[in-house]
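Novice: Have a look at the structure that comes next, please.
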Amino acid sequence: MTEAFRSTRSKRPGLLRSFFCPRSTLGLLLLTLALVFIANCGLRSESRGVPVGVEAVIAGVTDDIAAERYEKIYNEAADLWKAELTLEETVSVFKTLQAKLGKMENRTLHSATEQHNSGGPLKGNAFIVSYQSRFQKGEGMETFTLVERDHQWLLARYFVNSTALK
């Protein structure tokens, strides 16, 4: 009876192995899923679907504001920005924001909206990203509007709504 038990028992692992995926196939499946996950993370950031390129422009503009590089912001902005504000007006607006709000301390993503427009000032691909932001002298909502031109994201508009600006 012991031999019969052993022979029955020795057949079971083979039966289970043929029923479930072999280790190499399971490993390949897990590797494939991991690669798909990593690839998707590269296309979109962790900030609820904001493309990495959009976040990079926003981070650059934020750094430029903090360092008071207002001319750089103007020169790298989309034509829409330049059609609405001169360099002097751009500098004046940012100096006013700096004087009334101080430097930006932190922000939390509020919303991100991708648009595909067939006409109007935001013709083509646009991304509008809003943040609940804390500045040295108050809180507010920052809104960045970026447009895609020649496969590059450019700042088209920047708006801050805060009671500290009144």
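Order determines the names: the first chain of the structure tokens is A, the second B, and so forth; residues in each chain are numbered 1 upward, and ligands are numbered 1 upward as they are shown.
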Which residues are near stretch 74-91 of chain A? Cut-off 8 Å, only C-alpha atoms, ignore same chain within fewer than 4 positions. Put them as a list of chain:residue names.

Specialist: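 Counting only C-alpha atoms, the residues come to A:Tyr70, A:Lys95, A:Pro121, A:Val147, A:Leu154, A:Leu155, A:Ala156, A:Arg157.
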
Novice: Tell me, as a ChimeraX atom specification, which residues lie within 9 Å of A:Phe127, counting only C-alpha atoms; anything in the same chain fewer than 4 positions away does not count.

Specialist: /A:50,54,112-116,144-148,153

Novice: Taking into account only C-alpha atoms, which residue in the set A:Gln152, A:Thr62, A:Gln136, A:Ser162 is nearest to A:Lys103?

Specialist: A:Gln136

Novice: Rounded to one decimal, what separation in Å do you get between atom CA of A:Tyr131 and atom CA of A:Val160?

Specialist: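 Result for atom CA of A:Tyr131 versus atom CA of A:Val160: 9.5 Å, one decimal.
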
Novice: For atom CA of A:Ile128 and atom CA of A:Phe159, quote the distance in Å rounded to one decimal.

Specialist: 10.8 Å

Novice: Using Å and a single decimal, report how far atom CA of A:Lys123 sits from atom CA of A:Arg107.

Specialist: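 Between atom CA of A:Arg107 and atom CA of A:Lys123 the gap is 28.1 Å.
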
Novice: Have a look at A:Asp63, A:Asp150, A:Glu142, A:Glu68 and name the one nearest to A:Ser111; count only C-alpha atoms.

Specialist: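 That would be A:Glu142, the residue with the smallest distance to A:Ser111.
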
Novice: Taking the DSSP assignment computed from this structure's backbone, write out as a list in words all residues of stretch 76-157 of chain A that belong to helix (DSSP H, G or I).

Specialist: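 Written out, the helix (DSSP H, G or I) residues of stretch 76-157 of chain A are Glu76, Asp79, Leu80, Trp81, Lys82, Ala83, Glu84, Leu87, Glu88, Glu89, Thr90, Val91, Ser92, Val93, Phe94, Lys95, Thr96, Leu97, Gln98, Ala99, Lys100 and Leu101 of chain A.
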
Novice: Could you save the residues just selected, with C-alpha atoms, as a compact mmCIF listing (two decimals), in the first residue's frame?

Specialist:
# COMPACT_ATOMS: atom_id res chain seq x y z
CA GLU A 76 10.48 80.29 -24.57
CA ASP A 79 3.29 82.77 -29.78
CA LEU A 80 -0.08 83.04 -27.99
CA TRP A 81 1.72 84.36 -24.87
CA LYS A 82 3.66 86.89 -26.95
CA ALA A 83 0.48 88.01 -28.74
CA GLU A 84 -1.18 88.78 -25.39
CA LEU A 87 8.22 91.36 -22.55
CA GLU A 88 7.77 94.41 -20.32
CA GLU A 89 4.24 93.35 -19.35
CA THR A 90 5.45 89.82 -18.63
CA VAL A 91 8.16 91.11 -16.32
CA SER A 92 5.70 93.44 -14.60
CA VAL A 93 3.13 90.67 -14.01
CA PHE A 94 5.69 88.29 -12.52
CA LYS A 95 7.20 91.02 -10.31
CA THR A 96 3.71 91.85 -9.01
CA LEU A 97 3.01 88.18 -8.29
CA GLN A 98 6.36 87.87 -6.51
CA ALA A 99 5.75 90.99 -4.41
CA LYS A 100 2.22 90.03 -3.36
CA LEU A 101 2.55 86.25 -2.99

Novice: Between A:His151, A:Glu139, A:Lys166, A:Gly124, which one has atoms that come closest to A:Gly53, using only C-alpha atoms?

Specialist: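 Of all the options, A:His151 lies closest to A:Gly53.
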
Novice: List the spatial neighbours of A:Glu105 as a list in words - criterion: any atom at most 9 Å away, only C-alpha atoms, same-chain residues fewer than 6 positions off excluded.

Specialist: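 Returned residues: Ser133, Arg134, Phe135 and Gln136 of chain A.
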